[in-house]
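**Student:** Coordinates in run11.txt, compact mmCIF, C-alpha atoms and all ligand atoms, are listed below.
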# COMPACT_ATOMS: atom_id res chain seq x y z
CA MET A 107 -16.73 -6.36 -11.78
CA ARG A 108 -13.53 -5.92 -9.86
CA ILE A 109 -14.33 -2.27 -9.30
CA GLY A 110 -17.72 -3.33 -7.84
CA ILE A 111 -15.95 -5.38 -5.20
CA VAL A 112 -13.80 -2.39 -4.42
CA THR A 113 -16.84 -0.17 -3.83
CA SER A 114 -18.40 -2.63 -1.41
CA GLY A 115 -15.07 -2.82 0.42
CA LEU A 116 -15.11 0.92 0.89
CA GLY A 117 -18.65 0.68 2.22
CA ILE A 118 -17.53 -1.78 4.85
CA ALA A 119 -14.61 0.48 5.69
CA ARG A 120 -16.95 3.38 6.33
CA GLN A 121 -19.02 1.21 8.69
CA CYS A 122 -15.84 0.23 10.49
CA LEU A 123 -14.74 3.83 10.83
CA ARG A 124 -17.92 4.66 12.70
CA LYS A 125 -17.11 2.01 15.32
CA ASN A 126 -14.65 2.19 18.19
CA THR A 127 -11.32 0.40 18.42
CA SER A 128 -12.67 -2.48 20.49
CA VAL A 129 -14.34 -3.84 17.35
CA TYR A 130 -11.41 -2.80 15.23
CA ARG A 131 -10.10 -6.29 14.71
CA THR A 132 -13.50 -7.56 13.61
CA CYS A 133 -13.61 -4.72 11.11
CA ARG A 134 -10.20 -5.57 9.79
CA ARG A 135 -11.29 -9.12 9.13
CA GLN A 136 -14.40 -7.92 7.33
CA VAL A 137 -12.60 -5.53 5.04
CA THR A 138 -9.58 -7.49 4.10
CA GLY A 139 -10.71 -11.08 4.54
CA SER A 140 -8.38 -14.01 5.00
CA GLY A 141 -5.31 -14.02 2.78
CA SER A 142 -5.41 -10.23 2.77
CA PRO A 143 -2.48 -8.45 1.10
CA LEU A 144 -2.34 -6.06 4.07
CA ASP A 145 -1.83 -6.70 7.72
CA LEU A 146 -2.82 -3.79 9.94
CA ASN A 147 -2.09 -3.99 13.63
CA VAL A 148 -2.75 -1.21 16.09
CA ASP A 149 -1.12 -1.31 19.49
CA SER A 150 -3.47 0.67 21.67
CA LYS A 151 -0.81 0.97 24.40
CA THR A 152 1.80 2.67 22.22
CA GLY A 153 -0.60 4.27 19.72
CA ILE A 154 1.45 2.84 16.86
CA ALA A 155 -0.15 1.12 13.87
CA VAL A 156 1.98 -1.20 11.77
CA LEU A 157 0.79 -1.70 8.22
CA SER A 158 2.59 -4.53 6.53
CA MET A 159 2.24 -5.16 2.81
CA ASN A 160 1.95 -8.82 1.93
CA LYS A 161 1.09 -9.22 -1.72
CA PRO A 162 3.41 -11.78 -3.31
CA PRO A 163 5.51 -11.85 -5.24
CA VAL A 164 6.60 -8.18 -5.09
CA ASN A 165 3.89 -6.00 -3.44
CA SER A 166 3.11 -4.42 -6.80
CA LEU A 167 0.41 -1.77 -6.55
CA ASN A 168 -2.64 -2.79 -8.58
CA LEU A 169 -6.15 -1.37 -8.31
CA GLU A 170 -7.33 -3.77 -5.61
CA PHE A 171 -4.21 -3.40 -3.52
CA LEU A 172 -4.30 0.40 -3.74
CA THR A 173 -7.94 0.30 -2.67
CA GLU A 174 -7.05 -1.78 0.36
CA LEU A 175 -4.25 0.64 1.17
CA ASN A 176 -6.71 3.53 0.98
CA ILE A 177 -9.08 1.77 3.35
CA ALA A 178 -6.29 1.01 5.80
CA LEU A 179 -4.98 4.58 5.75
CA GLU A 180 -8.47 5.92 6.34
CA LYS A 181 -8.92 3.58 9.30
CA VAL A 182 -5.65 4.64 10.85
CA GLU A 183 -6.37 8.33 10.33
CA ASN A 184 -9.80 8.00 11.93
CA ASP A 185 -8.61 5.96 14.88
CA LYS A 186 -8.19 8.46 17.71
CA GLN A 187 -5.88 6.07 19.58
CA CYS A 188 -3.49 5.93 16.69
CA LYS A 189 -0.70 8.50 16.82
CA GLY A 190 1.77 6.92 14.44
CA LEU A 191 1.88 4.63 11.43
CA ILE A 192 4.75 2.41 10.31
CA ILE A 193 4.57 1.06 6.77
CA THR A 194 6.63 -2.01 6.02
CA SER A 195 6.61 -5.25 4.04
CA SER A 196 6.15 -8.92 4.89
CA ILE A 197 7.73 -9.98 1.60
CA PRO A 198 11.41 -10.84 2.03
CA LYS A 199 13.77 -8.40 0.30
CA ILE A 200 11.02 -6.31 -1.28
CA PHE A 201 9.28 -3.26 0.15
CA SER A 202 7.24 -2.65 -3.02
CA ALA A 203 8.04 -3.07 -6.72
CA GLY A 204 5.94 0.03 -7.38
CA LEU A 205 2.96 0.24 -9.68
CA ASP A 206 1.77 -3.01 -11.14
CA ILE A 207 2.95 -2.69 -14.72
CA THR A 208 0.27 -5.08 -15.92
CA GLU A 209 -2.31 -2.40 -15.01
CA MET A 210 -0.71 -0.12 -17.59
CA TYR A 211 0.06 -2.64 -20.31
CA GLN A 212 -2.76 -3.28 -22.82
CA PRO A 213 -5.24 -1.81 -20.36
CA ASP A 214 -9.00 -1.62 -20.18
CA ILE A 215 -9.54 2.15 -20.25
CA ASP A 216 -12.17 2.40 -17.49
CA ARG A 217 -10.04 0.32 -15.19
CA LEU A 218 -6.91 2.28 -16.13
CA GLU A 219 -8.58 5.53 -15.12
CA GLU A 220 -9.89 4.00 -11.89
CA PHE A 221 -6.41 2.65 -11.15
CA TRP A 222 -4.86 6.10 -11.52
CA ARG A 223 -7.58 7.81 -9.47
CA THR A 224 -7.07 5.28 -6.69
CA LEU A 225 -3.32 5.88 -6.76
CA GLN A 226 -3.88 9.63 -6.58
CA ASP A 227 -6.21 9.12 -3.59
CA MET A 228 -3.74 6.86 -1.83
CA TRP A 229 -0.95 9.37 -2.25
CA ILE A 230 -3.08 12.35 -1.17
CA LYS A 231 -4.06 10.44 1.99
CA LEU A 232 -0.58 9.21 2.82
CA TYR A 233 1.25 12.48 2.14
CA GLY A 234 -1.33 14.38 4.17
CA MET A 235 -1.67 11.97 7.12
CA ASN A 236 -2.04 13.81 10.43
CA CYS A 237 -0.36 11.05 12.40
CA VAL A 238 3.39 10.46 12.24
CA THR A 239 4.32 8.15 9.37
CA ILE A 240 7.53 6.14 9.14
CA ALA A 241 8.58 3.91 6.26
CA ALA A 242 10.43 0.82 7.49
CA ILE A 243 11.99 -0.06 4.15
CA ASN A 244 13.06 -3.68 4.47
CA GLY A 245 13.56 -4.37 0.76
CA HIS A 246 13.80 -2.89 -2.73
CA SER A 247 11.66 0.16 -3.25
CA PRO A 248 11.54 1.32 -6.88
CA ALA A 249 9.17 3.90 -8.41
CA GLY A 250 5.75 3.69 -6.70
CA GLY A 251 7.48 2.03 -3.71
CA CYS A 252 9.80 5.03 -3.52
CA LEU A 253 6.81 7.38 -3.75
CA MET A 254 5.19 5.66 -0.77
CA SER A 255 8.43 5.83 1.21
CA MET A 256 9.04 9.50 0.37
CA SER A 257 5.48 10.33 1.39
CA CYS A 258 6.17 9.26 4.97
CA ASP A 259 7.71 11.62 7.54
CA TYR A 260 10.81 9.49 8.10
CA ARG A 261 12.53 6.63 6.27
CA ILE A 262 14.59 3.82 7.78
CA MET A 263 16.12 1.34 5.35
CA ALA A 264 18.09 -1.89 5.49
CA PRO A 265 21.43 -2.18 3.62
CA ASN A 266 21.94 -3.62 0.13
CA TYR A 267 18.63 -2.61 -1.42
CA THR A 268 17.67 0.00 -3.98
CA ILE A 269 15.26 2.91 -3.99
CA GLY A 270 14.42 5.62 -6.51
CA LEU A 271 12.12 6.84 -9.25
CA ASN A 272 13.34 4.69 -12.12
CA GLU A 273 10.45 5.42 -14.52
CA THR A 274 12.65 6.60 -17.41
CA GLN A 275 14.31 3.18 -17.41
CA LEU A 276 10.90 1.79 -18.35
CA GLY A 277 10.58 4.41 -21.09
CA ILE A 278 7.95 6.33 -19.11
CA VAL A 279 7.89 9.61 -17.23
CA ALA A 280 7.32 10.12 -13.52
CA PRO A 281 4.18 12.25 -13.08
CA PHE A 282 4.61 15.80 -11.76
CA TRP A 283 3.44 14.88 -8.28
CA PHE A 284 5.98 12.04 -7.97
CA ALA A 285 8.62 14.58 -9.03
CA ASP A 286 7.30 17.18 -6.56
CA VAL A 287 7.61 14.76 -3.64
CA MET A 288 11.18 13.92 -4.62
CA LEU A 289 11.94 17.60 -5.02
CA ASN A 290 10.58 18.26 -1.53
CA THR A 291 12.71 15.42 -0.19
CA VAL A 292 16.13 15.79 -1.83
CA GLY A 293 16.07 19.16 -3.63
CA PHE A 294 16.17 20.24 -7.26
CA ARG A 295 19.61 19.14 -8.42
CA GLN A 296 19.34 15.58 -7.10
CA THR A 297 15.80 15.32 -8.46
CA GLU A 298 16.58 16.52 -11.98
CA MET A 299 19.48 14.08 -12.27
CA ALA A 300 17.69 11.16 -10.64
CA LEU A 301 14.52 11.59 -12.69
CA GLN A 302 16.27 11.87 -16.03
CA LEU A 303 18.61 8.97 -15.33
CA GLY A 304 15.94 6.89 -13.61
CA THR A 305 18.42 6.29 -10.82
CA LEU A 306 17.91 3.47 -8.39
CA PHE A 307 20.06 4.42 -5.40
CA LYS A 308 21.72 1.82 -3.25
CA THR A 309 20.85 2.21 0.43
CA GLU A 310 24.06 4.08 1.33
CA GLU A 311 23.74 6.40 -1.69
CA ALA A 312 20.14 7.11 -0.75
CA LEU A 313 21.30 8.06 2.74
CA ASN A 314 23.97 10.37 1.33
CA ILE A 315 21.49 12.39 -0.74
CA GLY A 316 18.84 12.46 2.01
CA LEU A 317 16.38 10.21 0.21
CA ILE A 318 16.31 8.09 3.35
CA ASP A 319 17.10 9.15 6.91
CA LYS A 320 18.69 6.15 8.59
CA VAL A 321 20.25 2.77 7.80
CA VAL A 322 19.97 -0.13 10.23
CA PRO A 323 20.50 -3.89 9.83
CA GLN A 324 17.61 -5.74 8.20
CA GLU A 325 16.41 -7.35 11.42
CA GLU A 326 16.32 -3.99 13.24
CA VAL A 327 14.32 -1.97 10.72
CA LEU A 328 10.97 -2.36 12.48
CA SER A 329 12.29 -1.88 16.01
CA ALA A 330 14.25 1.18 14.89
CA ALA A 331 11.03 2.59 13.44
CA GLN A 332 9.20 1.97 16.74
CA GLN A 333 12.04 3.68 18.60
CA GLU A 334 12.15 6.65 16.19
CA MET A 335 8.42 7.12 16.66
CA GLN A 336 9.01 7.99 20.32
CA ARG A 337 11.10 11.01 19.29
CA TRP A 338 8.20 12.33 17.22
CA PHE A 339 5.65 11.58 19.94
CA LYS A 340 7.51 13.88 22.36
CA ILE A 341 6.58 16.92 20.25
CA PRO A 342 3.17 18.47 20.94
CA GLY A 343 0.95 16.79 18.35
CA PHE A 344 -0.95 19.84 17.17
CA ALA A 345 2.21 21.91 16.53
CA ARG A 346 3.87 19.05 14.69
CA GLN A 347 0.80 18.33 12.57
CA LEU A 348 0.32 21.96 11.62
CA SER A 349 3.98 22.29 10.61
CA LYS A 350 3.61 19.26 8.36
CA THR A 351 0.35 20.45 6.87
CA GLU A 352 1.72 23.91 6.09
CA LEU A 353 4.71 22.42 4.29
CA ARG A 354 2.88 19.71 2.36
CA ARG A 355 -0.41 21.43 1.55
CA PRO A 356 0.74 23.28 -1.59
CA THR A 357 2.02 20.03 -3.13
CA ILE A 358 -1.22 18.20 -2.35
CA GLU A 359 -3.38 21.09 -3.56
CA LYS A 360 -1.50 21.18 -6.84
CA LEU A 361 -2.71 17.66 -7.63
CA LEU A 362 -6.18 18.20 -6.14
CA LYS A 363 -6.72 21.07 -8.57
CA LYS A 364 -5.67 18.95 -11.54
CA LYS A 365 -6.85 15.49 -10.58
CA GLU A 366 -9.10 14.87 -13.57
CA GLU A 367 -6.67 16.52 -15.97
CA ASP A 368 -3.90 14.31 -14.60
CA ILE A 369 -6.01 11.19 -15.17
CA GLY A 370 -6.53 12.29 -18.78
CA TYR A 371 -2.81 12.94 -19.30
CA PHE A 372 -1.98 9.57 -17.83
CA ARG A 373 -4.55 7.71 -19.96
CA ASP A 374 -3.51 9.42 -23.20
CA TYR A 375 0.18 9.00 -22.47
CA ILE A 376 0.13 5.39 -21.34
CA THR A 377 -2.00 4.22 -24.28
CA LYS A 378 0.39 5.65 -26.90
CA ASP A 379 1.83 2.92 -29.11
CA ALA A 380 5.43 3.80 -28.26
CA ILE A 381 4.74 3.69 -24.51
CA GLN A 382 2.90 0.38 -24.80
CA LYS A 383 5.85 -1.00 -26.69
CA SER A 384 8.30 0.15 -23.98
CA LEU A 385 6.15 -1.33 -21.22
CA GLY A 386 5.82 -4.61 -23.09
CA MET A 387 9.57 -4.84 -23.51
CA TYR A 388 10.18 -3.99 -19.85
CA LEU A 389 7.72 -6.66 -18.68
CA GLU A 390 9.43 -9.14 -20.96
CA SER A 391 12.85 -8.19 -19.57
CA LEU A 392 11.58 -8.75 -16.02
CA LYS A 393 10.34 -12.20 -16.95
CA ASN A 394 13.62 -13.07 -18.69
CA ARG A 395 15.81 -11.91 -15.82
CA ARG A 396 15.81 -15.27 -14.11
CA LYS A 397 16.38 -17.32 -17.25
C1 LIG B 401 2.53 16.01 -21.71
C2 LIG B 401 3.31 14.99 -20.98
C3 LIG B 401 2.46 14.27 -19.99
C4 LIG B 401 3.23 13.25 -19.16
C5 LIG B 401 2.26 12.56 -18.34
C6 LIG B 401 2.91 11.47 -17.51
C7 LIG B 401 1.85 10.58 -17.04
C8 LIG B 401 2.40 9.44 -16.21
C9 LIG B 401 3.07 8.37 -16.98
C10 LIG B 401 3.14 7.04 -16.32
C11 LIG B 401 3.69 7.10 -14.96
C12 LIG B 401 3.81 5.75 -14.37
C13 LIG B 401 4.54 5.81 -13.10
C14 LIG B 401 5.04 4.43 -12.78
C15 LIG B 401 5.43 4.09 -11.59
C16 LIG B 401 5.86 2.73 -11.29
O1 LIG B 401 5.91 2.35 -10.15
S1 LIG B 401 6.27 1.67 -12.56
C17 LIG B 401 6.93 0.21 -11.83
C18 LIG B 401 8.41 0.33 -11.68
N1 LIG B 401 8.92 -0.84 -10.99
C19 LIG B 401 10.02 -1.47 -11.37
O2 LIG B 401 10.68 -1.08 -12.31
C20 LIG B 401 10.40 -2.67 -10.58
C21 LIG B 401 10.46 -3.87 -11.44
N2 LIG B 401 10.77 -5.07 -10.65
C22 LIG B 401 12.03 -5.37 -10.24
O3 LIG B 401 12.98 -4.66 -10.45
C23 LIG B 401 12.16 -6.66 -9.48
O4 LIG B 401 11.02 -7.44 -9.71
C24 LIG B 401 12.35 -6.49 -7.95
C25 LIG B 401 11.28 -5.62 -7.35
C26 LIG B 401 13.74 -5.91 -7.67
C27 LIG B 401 12.26 -7.88 -7.30
O5 LIG B 401 13.18 -8.77 -7.90
P1 LIG B 401 13.02 -10.34 -7.68
O6 LIG B 401 12.82 -10.67 -6.27
O7 LIG B 401 14.18 -10.99 -8.39
O8 LIG B 401 11.64 -10.71 -8.39
P2 LIG B 401 11.35 -10.86 -9.96
O9 LIG B 401 11.64 -12.25 -10.35
O10 LIG B 401 11.99 -9.78 -10.73
O11 LIG B 401 9.77 -10.57 -10.00
C28 LIG B 401 8.84 -11.56 -9.60
C29 LIG B 401 7.63 -11.45 -10.49
O12 LIG B 401 7.02 -10.18 -10.29
C30 LIG B 401 6.90 -9.49 -11.55
N3 LIG B 401 7.05 -8.06 -11.30
C31 LIG B 401 8.07 -7.43 -10.75
N4 LIG B 401 7.83 -6.12 -10.65
C32 LIG B 401 6.61 -5.90 -11.17
C33 LIG B 401 5.80 -4.73 -11.33
N5 LIG B 401 6.20 -3.53 -10.94
N6 LIG B 401 4.60 -4.90 -11.89
C34 LIG B 401 4.16 -6.10 -12.30
N7 LIG B 401 4.89 -7.24 -12.16
C35 LIG B 401 6.10 -7.13 -11.59
C36 LIG B 401 8.01 -10.08 -12.40
O13 LIG B 401 7.74 -9.91 -13.74
C37 LIG B 401 7.98 -11.52 -11.98
O14 LIG B 401 6.89 -12.12 -12.65
P3 LIG B 401 6.94 -13.66 -13.09
O15 LIG B 401 8.13 -13.79 -14.02
O16 LIG B 401 5.63 -13.89 -13.78
O17 LIG B 401 7.12 -14.44 -11.83
Show this structure as structure tokens.
Ligand SMILES: CCCCCCCCCCCCC/C=C/C(=O)SCCNC(=O)CCNC(=O)[C@H](O)C(C)(C)COP(=O)(O)OP(=O)(O)OC[C@H]1O[C@@H](n2cnc3c(N)ncnc32)[C@H](O)[C@@H]1OP(=O)(O)O
**Tutor:**
Amino acid sequence: MRIGIVTSGLGIARQCLRKNTSVYRTCRRQVTGSGSPLDLNVDSKTGIAVLSMNKPPVNSLNLEFLTELNIALEKVENDKQCKGLIITSSIPKIFSAGLDITEMYQPDIDRLEEFWRTLQDMWIKLYGMNCVTIAAINGHSPAGGCLMSMSCDYRIMAPNYTIGLNETQLGIVAPFWFADVMLNTVGFRQTEMALQLGTLFKTEEALNIGLIDKVVPQEEVLSAAQQEMQRWFKIPGFARQLSKTELRRPTIEKLLKKKEEDIGYFRDYITKDAIQKSLGMYLESLKNRRK
């Protein structure tokens, strides 16, 4: 049922994509509806789109949210006026808590597979975006949140938060394509340590290892991203795009070749009793944190 809604959403998105930017806002309303978990604003003067995640309490990535992200990314990529995309959060102190763990705990198998496919699609789109992408990381950014950040071209983060691929702390393994993106970002040594230890880096530590590119005060994260965008806009677009594509294509193609296999690995792995037990305990620990 929920997947049916998703499909109709994509249909609307395709209609929107055929239209020009003057009806863009109408399209946005149609696709996301009121109370949408995503706010997409395109400034036609600057050519910058700001995509703000607003799914309380923690912007966790479930099937529906990932689908909306896919639609938004597709809209931005197909909007000729849009030269840059900033991804940020409207939730105080949280960029994204990563994948919604409830999607993986005691799952319905069809939905689990659809969830993973939609995540793969979101990542393939984001990592391969032609326009400039900047993550304005104004809160914690573990696991899937870190993947989204690393998939952008540049990362600006506010102090006193954490970012990293902490999967092993949940008793699970980061998939090869998460690891590849980290490898491409911070190199082998940092990746092999961080992945095994499930390290969540504090903002300053993340800057030191090159996981993020800049630290600015919380209230300046978005304006710093807008400013940084201008530096990227000065470079001839085609040359910049081609440089990015050449560097990122092998990583994207690696997953494209193994998409279905990867879904199978994920399904078989996540449904193992031991993994279910770990996820259950982790969910419980999250709920007990505030007690
Ligand atoms: C042959 C070998 C093959 C191998 C094949 C491998 C295949 C692949 C395997 C699987 C790979 C999976 C990859 C997973 C990626 C992920 O992203 S997993 C998610 C990781 N995320 C986290 O660990 C973050 C957990 N959350 C937090 O640390 C904190 O919530 C926060 C983000 C720092 C915010 O803190 P705070 O503001 O204090 O809020 P809380 O009170 O903690 O949370 C509010 C409610 O939200 C719930 N919640 C938090 N995070 C999640 C989440 N990720 N998913 C679902 N729900 C979440 C939390 O439980 C609270 O709920 P309530 O108590 O009901 O209010």
**Student:** Could you check which residues have any atom within 10 Å of (11.4, -4.9, 6.1), counting only C-alpha atoms with coordinates taken straight from the file, and then list them as a PyMOL selection string?
**Tutor:** chain A and resi 158-159+193-201+241-246+262-264+323-328
**Student:** List the neighbours of A:Leu157 out to 9 Å using all atoms listed in the file; skip same-chain residues closer than 5 positions along the sequence, and give me the result as a ChimeraX atom specification.
**Tutor:** /A:144-148,175,178-179,191-195
**Student:** Would you list the contacts of stretch 381-384 of chain A as a tab-separated table (two decimals) with C-alpha atoms, keeping the file's coordinate frame, taking every protein, DNA or RNA residue within 9 Å and counting all atoms listed in the file, but skipping same-chain residues closer than 5 positions in sequence?
**Tutor:**
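What landed in selection30.tsv:
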chain	number	residue	atom	x	y	z
A	210	MET	CA	-0.71	-0.12	-17.59
A	211	TYR	CA	0.06	-2.64	-20.31
A	212	GLN	CA	-2.76	-3.28	-22.82
A	276	LEU	CA	10.90	1.79	-18.35
A	277	GLY	CA	10.58	4.41	-21.09
A	278	ILE	CA	7.95	6.33	-19.11
A	375	TYR	CA	0.18	9.00	-22.47
A	376	ILE	CA	0.13	5.39	-21.34
A	389	LEU	CA	7.72	-6.66	-18.68
**Student:** Given 4 Å on each side, where is the centre and what are the edge lengths in Å to one decimal of the axis-aligned box enclosing the listed atoms of stretch 320-330 of chain A, as AutoDock Vina command-line options?
**Tutor:**
--center_x 15.7 --center_y -0.6 --center_z 11.9 --size_x 17.5 --size_y 21.5 --size_z 16.2
**Student:** With the cut-off set at 6 Å and counting only C-alpha atoms and all ligand atoms, tabulate each residue of chain A with an atom at most that distance from an atom of ligand LIG 401 (chain B), showing the nearest atom pair and its distance in Å to one decimal, ordered by chain and increasing number, as a Markdown table.
**Tutor:**
| residue | atom | partner | partner_atom | distance |
| --- | --- | --- | --- | --- |
| A:Pro163 | CA | B:LIG401 | C28 | 5.5 |
| A:Val164 | CA | B:LIG401 | O12 | 5.6 |
| A:Ser166 | CA | B:LIG401 | N5 | 5.2 |
| A:Ala203 | CA | B:LIG401 | C25 | 4.2 |
| A:Gly204 | CA | B:LIG401 | O1 | 3.6 |
| A:Leu205 | CA | B:LIG401 | O1 | 3.7 |
| A:Asp206 | CA | B:LIG401 | N6 | 3.5 |
| A:Ile207 | CA | B:LIG401 | N6 | 4.0 |
| A:Thr208 | CA | B:LIG401 | C34 | 5.4 |
| A:His246 | CA | B:LIG401 | C26 | 5.8 |
| A:Pro248 | CA | B:LIG401 | N1 | 5.3 |
| A:Ala249 | CA | B:LIG401 | O1 | 4.0 |
| A:Gly250 | CA | B:LIG401 | O1 | 3.7 |
| A:Glu273 | CA | B:LIG401 | C14 | 5.8 |
| A:Ile278 | CA | B:LIG401 | C10 | 5.6 |
| A:Val279 | CA | B:LIG401 | C9 | 5.0 |
| A:Ala280 | CA | B:LIG401 | C11 | 4.9 |
| A:Pro281 | CA | B:LIG401 | C8 | 4.6 |
| A:Tyr371 | CA | B:LIG401 | C5 | 5.2 |
| A:Phe372 | CA | B:LIG401 | C7 | 4.0 |
| A:Tyr375 | CA | B:LIG401 | C5 | 5.8 |
| A:Leu389 | CA | B:LIG401 | O13 | 5.9 |
| A:Leu392 | CA | B:LIG401 | O13 | 4.6 |
| A:Lys393 | CA | B:LIG401 | O15 | 4.0 |
**Student:** Excluding A:Ala312 and its own-chain neighbours fewer than 5 positions away, which residues fall within 9 Å of it when counting all atoms listed in the file? Please give them as a VMD selection string.
**Tutor:** chain A and resid 268 to 270 306 to 307 317 to 319
**Student:** Go ahead and compute the interatomic distance for atom CA of A:Asn184 and atom CA of A:Leu232, in Å to one decimal.
**Tutor:**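 Spanning atom CA of A:Asn184 to atom CA of A:Leu232 is a straight-line distance of 13.0 Å.
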**Student:** Would you mind reading off the distance between atom CA of A:Gly343 and atom CA of A:Glu183, one decimal, in Å?
**Tutor:**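 Distance reported for this atom pair: 13.8 Å.
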